[in-house]
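Engineer: Encoded as structure tokens, here's the structure I'll be asking about.
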Amino acid sequence: MIEPKPHPKRLPRWLGRLARWSLGLVLALWLMVAAVWGVLHGWIVPRIGEWRPQLQALATRSLGIPVTIGAISAQSSGVIPSFELRDVVLHDPGNGSKALHLSKVMIAVSAHSLMTLGVEQIYIEAPELAVRRSADGKLYVAGLPIDRPGGGDSRLTDWLFSQPEVALRHGSVQWVDELRQAPPLQLTQVDLVIRNKGWQHQVRFDASPPPDWGQRFTIMGRFSEPLLSIHEGRIERWSGKAFADFGHIDLSALSPYLDPQSWQLQQGRGAIRAWLELRQGQPVGLLADVSIDALQVQWRDRDKPLHLQSLQGRFDIQHRQDYRLAVQGLSFTTGDGMQWPKGDIKASYSPTGTREQGRLGEHGQVQVDGVDIGIATQLLLRLPLPESAHGQLAALAPQGLLRQARWSWRGPVDAPVTYKAQGRVENLRLQAQPSHEGPDVLGIPGVQGLSASFELDQDSGQAQLEKSAASQALVLSLPGMFELPDVGFDQFRSQLRWQIKGQAIQAQMPDL
């Protein structure tokens with residue numbers, strides 16, 4: 001009896017088919033690679049120079065401005081050839097000048113980049129770029145108009161930020177400001193590297209300003225675009241952090257390029273290091289280490305400039321749902337030699353509340369430690385504050401040292417609904433002011449040599465008063481109360497409590 005031959009199992013049969021298909025795909029892929037290699041080396045490389053007019057016309061149509069290419073050549077030393085372009089010029093359509101000159105461009109390709117219609121690396125030697133702001137405020141980069149973030153055609157920037165690497169060496173950038181009518185600014189020895197991988201972008205920019213501007217500086221950043229983005233060049237959608245390092249810069253050289261309507265930066269030189277955080281193209285955080293000497297700022301409506309011999313500190317500004325400011329290690333010396341002790345300042349402000357609260361939902365807080373009241377007054381007198389505030393500060397001439405002070409409020413900052421304050425002031429001095437109604441009417445009291453710890457709100461408050469240890473005597477000045485308004489004390493200690501009811505103030509001084 002002859003036994004029936006068993007049928008093969010289904011799994012080995014499918015594996016056999018898969019192996020045959022895989023082998024066929026591999027062979028097809030190698031045939032396609034061989035065909036691409038043959039076209040590159042047998043057709044494109046020998047004739048690349050003949051296609052210069054067509055490539056030149058294609059670039060002109062794509063960019064919308066005149067483009068000229070001096071020469072094109074190819075090198076096939078390896079499996080994948082490289083291409084070289086010389087004397088590539090983009091002309092500014094406004095005045096016909098050279099907006100961008102690339103003396104040498106090296107383009108390296110790979111099998112992967114050819115399949116994606118891209119390149120592996122672009123190397124540019126000694127480019128010359130012109131950036132111009134016209135008299136009507138429009139910005140032109142390499143002759144291309146830049147209207148606004150996200151506006152216009154982004155095909156060029158999409159292509160640029162989709163290439164794996166773009167390197168630029170020994171270039172120059174010229175800034176021409178026709179709006180401000182400022183002298184042209186020339187940056188030399190410009191190096192730029194752009195690396196793109198997926199949705200991640202890394203940029204580094206190094207340049208040397210003119211000798212009277214300062215030393216060579218560096219700007220770099222690491223950014224990411226939205227996950228589902230299809231336009232790599234939409235910079236206004238990027239998020240990430242940027243870093244700038246100015247080892248030595250003369251700030252007075254910036255004055256012709258800034259808006260002179262409200263203020264003018266007259267002097268200042270030193271070092272600045274800054275970190276900028278972006279979210280969806282919007283700045284949300286700035287951290288800066290500052291060390292500036294001979295700083296002088298002139299406001300338009302003030303007679304005297306703000307002059308600081310030196311300024312050091314770390315400034316941290318955050319803006320998300322609210323505004324936050326932190327200043328660490330702030331110290332400076334004024335123009336007349338007064339030295340600000342090192343201190344810290346923190347402030348926060350939320351400009352909005354719920355819809356039902358309106359402006360009443362606004363709130364904020366300020367914390368300071370180590371504030372010299374006398375120096376702060378001199379600085380405030382040089383800031384563009386209302387004339388009434390300047391007059392009161394000049395008349396009172398406050399002096400002293402404020403420590404561990406905190407002030408919080410709710411409601412509009414200029415008319416708070418509720419507020420709280422606490423802290424300590426040492427060696428306080430306030431100039432008394434006689435009443436304008438006559439010598440027999442109580443004026444504004446003054447004090448000299450007072451230290452106090454205080455706590456108050458919109459309804460009441462209390463303070464612990466004592467003679468300052470740094471003063472020989474405490475002097476209270478009460479114009480309009482005594483014929484001789486100044487009353488001196490060798491020893492003084494008391495508590496002060498008060499309550500506010502409408503226009504009336506009730507005060508007590510127990511344990512005097």
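Each chain in the structure tokens gets a letter, A, B and so on, in the order shown; residues start at 1 in every chain, and ligands are counted from 1 in the order they appear.
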Please report, as JSON lines, each residue of segment 283-397 of chain A lying at most 8 Å from segment 428-442 of chain A, together with the nearest pair of atoms and the separation in Å rounded to one decimal; use only C-alpha atoms, and order rows by chain and ascending residue number.
Structural biologist:
{"residue": "A:Ala395", "atom": "CA", "partner": "A:Gln431", "partner_atom": "CA", "distance": 6.9}
{"residue": "A:Leu396", "atom": "CA", "partner": "A:Gln431", "partner_atom": "CA", "distance": 4.6}
{"residue": "A:Ala397", "atom": "CA", "partner": "A:Gln431", "partner_atom": "CA", "distance": 6.0}
Engineer: So that I can check the surroundings of Met338 of chain A, please list as a VMD selection string every protein, DNA and RNA residue that reaches within 10 Å of it, counting only C-alpha atoms and ignoring chain neighbours fewer than 6 positions away.
Structural biologist: chain A and resid 308 to 309 332 372 374 to 375
Engineer: Would you kindly return, as a VMD selection string, each protein, DNA or RNA residue with an atom no farther than 6 Å from any atom of segment 290-295 of chain A, considering only C-alpha atoms and excluding same-chain residues fewer than 2 positions away?
Structural biologist: chain A and resid 267 to 272 307 to 313
Engineer: Would you output that residue set with C-alpha atoms, as a PDB file, in the first residue's frame?
Structural biologist:
ATOM      1  CA  GLN A 267      28.126 105.360  27.406  1.00  0.00           C
ATOM      2  CA  GLY A 268      28.776 101.860  28.697  1.00  0.00           C
ATOM      3  CA  ARG A 269      31.288  99.102  28.163  1.00  0.00           C
ATOM      4  CA  GLY A 270      31.735  95.660  29.660  1.00  0.00           C
ATOM      5  CA  ALA A 271      30.608  92.049  29.343  1.00  0.00           C
ATOM      6  CA  ILE A 272      27.146  90.518  28.919  1.00  0.00           C
ATOM      7  CA  HIS A 307      25.364 107.694  35.423  1.00  0.00           C
ATOM      8  CA  LEU A 308      26.846 104.570  37.039  1.00  0.00           C
ATOM      9  CA  GLN A 309      30.564 103.988  37.378  1.00  0.00           C
ATOM     10  CA  SER A 310      30.005 100.217  37.531  1.00  0.00           C
ATOM     11  CA  LEU A 311      27.097  97.766  37.472  1.00  0.00           C
ATOM     12  CA  GLN A 312      27.130  94.030  38.268  1.00  0.00           C
ATOM     13  CA  GLY A 313      24.365  91.532  38.835  1.00  0.00           C
TER      14      GLY A 313
END
Engineer: Using only C-alpha atoms, determine which residues lie at most 10 Å from Gln200 of chain A, disregarding the query and same-chain residues fewer than 2 positions distant; provide the list as number ranges by chain.
Structural biologist: A: 161-162, 195-198, 202, 222-227, 232, 238-240
Engineer: If you run DSSP on this backbone, which residues of segment 189-260 of chain A come out as strand (DSSP E), and could you give them as number ranges by chain?
Structural biologist: A: 189-197, 200-208, 217-224, 239-250
Engineer: Now that the selection is made, can you save its residues with C-alpha atoms as a PDB file, in the first residue's frame?
Structural biologist:
ATOM      1  CA  GLN A 189      35.091  86.638  10.105  1.00  0.00           C
ATOM      2  CA  VAL A 190      31.529  85.378  10.307  1.00  0.00           C
ATOM      3  CA  ASP A 191      31.162  81.639  11.001  1.00  0.00           C
ATOM      4  CA  LEU A 192      27.761  79.943  10.911  1.00  0.00           C
ATOM      5  CA  VAL A 193      26.856  76.290  11.434  1.00  0.00           C
ATOM      6  CA  ILE A 194      23.304  74.934  11.138  1.00  0.00           C
ATOM      7  CA  ARG A 195      22.556  71.283  11.957  1.00  0.00           C
ATOM      8  CA  ASN A 196      19.090  69.829  11.455  1.00  0.00           C
ATOM      9  CA  LYS A 197      17.901  66.392  12.481  1.00  0.00           C
ATOM     10  CA  GLN A 200      15.547  69.500  16.069  1.00  0.00           C
ATOM     11  CA  HIS A 201      17.711  72.454  14.970  1.00  0.00           C
ATOM     12  CA  GLN A 202      21.094  73.632  16.275  1.00  0.00           C
ATOM     13  CA  VAL A 203      22.550  76.996  15.265  1.00  0.00           C
ATOM     14  CA  ARG A 204      25.866  78.677  16.126  1.00  0.00           C
ATOM     15  CA  PHE A 205      26.909  82.148  14.952  1.00  0.00           C
ATOM     16  CA  ASP A 206      30.340  83.726  15.602  1.00  0.00           C
ATOM     17  CA  ALA A 207      31.372  87.158  14.308  1.00  0.00           C
ATOM     18  CA  SER A 208      33.843  89.975  14.895  1.00  0.00           C
ATOM     19  CA  PHE A 217      30.960  87.411  20.142  1.00  0.00           C
ATOM     20  CA  THR A 218      29.032  84.142  19.981  1.00  0.00           C
ATOM     21  CA  ILE A 219      25.314  83.394  19.607  1.00  0.00           C
ATOM     22  CA  MET A 220      24.041  79.810  19.661  1.00  0.00           C
ATOM     23  CA  GLY A 221      20.765  78.023  20.153  1.00  0.00           C
ATOM     24  CA  ARG A 222      19.005  74.671  20.269  1.00  0.00           C
ATOM     25  CA  PHE A 223      15.401  74.650  19.053  1.00  0.00           C
ATOM     26  CA  SER A 224      12.592  72.242  18.218  1.00  0.00           C
ATOM     27  CA  SER A 239      10.679  76.537  20.926  1.00  0.00           C
ATOM     28  CA  GLY A 240      14.016  76.282  22.686  1.00  0.00           C
ATOM     29  CA  LYS A 241      16.863  78.254  24.223  1.00  0.00           C
ATOM     30  CA  ALA A 242      19.454  80.661  22.834  1.00  0.00           C
ATOM     31  CA  PHE A 243      22.714  81.847  24.383  1.00  0.00           C
ATOM     32  CA  ALA A 244      24.722  85.002  23.638  1.00  0.00           C
ATOM     33  CA  ASP A 245      28.215  85.780  24.934  1.00  0.00           C
ATOM     34  CA  PHE A 246      29.660  89.273  24.495  1.00  0.00           C
ATOM     35  CA  GLY A 247      33.076  89.168  26.192  1.00  0.00           C
ATOM     36  CA  HIS A 248      33.578  92.910  25.702  1.00  0.00           C
ATOM     37  CA  ILE A 249      31.176  95.354  24.067  1.00  0.00           C
ATOM     38  CA  ASP A 250      30.950  99.142  23.846  1.00  0.00           C
TER      39      ASP A 250
END
Engineer: Could you give me the residues within segment 237-337 of chain A that DSSP places in helix (DSSP H, G or I), as JSON, numbers by chain?
Structural biologist: {"A": [237, 251, 252, 253, 254, 255, 256, 257]}
Engineer: Name the residues in contact with Leu102 of chain A at a cut-off of 8 Å, using only C-alpha atoms, excluding same-chain residues fewer than 3 positions from it; report them as a PyMOL selection string.
Structural biologist: chain A and resi 86-89+105+124-128
Engineer: Please list as a CSV table (one decimal) with N, CA, C and O atoms, in the first residue's frame every residue within 10 Å of Leu258 of chain A, counting only C-alpha atoms and excluding residues in the same chain fewer than 5 positions away.
Structural biologist:
chain,number,residue,atom,x,y,z
A,180,ARG,N,17.1,104.7,10.1
A,180,ARG,CA,17.8,105.5,11.1
A,180,ARG,C,18.9,106.4,10.5
A,180,ARG,O,19.4,107.3,11.2
A,182,ALA,N,21.8,105.5,9.9
A,182,ALA,CA,23.0,105.3,10.7
A,182,ALA,C,24.1,104.8,9.8
A,182,ALA,O,23.9,104.3,8.7
A,253,ALA,N,28.3,102.4,21.0
A,253,ALA,CA,28.2,102.2,19.6
A,253,ALA,C,26.9,101.8,19.1
A,253,ALA,O,26.5,101.9,17.9
A,263,TRP,N,14.8,107.5,24.9
A,263,TRP,CA,16.0,107.5,25.7
A,263,TRP,C,17.2,107.3,24.8
A,263,TRP,O,17.1,106.9,23.6
A,264,GLN,N,18.4,107.5,25.3
A,264,GLN,CA,19.6,107.4,24.5
A,264,GLN,C,20.7,106.8,25.4
A,264,GLN,O,21.0,107.3,26.5
A,265,LEU,N,21.4,105.8,24.9
A,265,LEU,CA,22.5,105.1,25.6
A,265,LEU,C,23.8,105.8,25.2
A,265,LEU,O,24.3,105.6,24.1
Engineer: Give me, as a ChimeraX atom specification, all polymer residues having an atom no more than 12 Å from Thr68 of chain A, counting only C-alpha atoms and skipping those fewer than 3 positions away in the same chain.
Structural biologist: /A:52-61,63,65,71-72,85-91,98-103
Engineer: Using only C-alpha atoms, which residue out of A:Ala326, A:Tyr257, A:Leu379, A:Pro341 lies closest to Pro305 of chain A?
Structural biologist: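 For Pro305 of chain A, the nearest of the given residues is A:Leu379.
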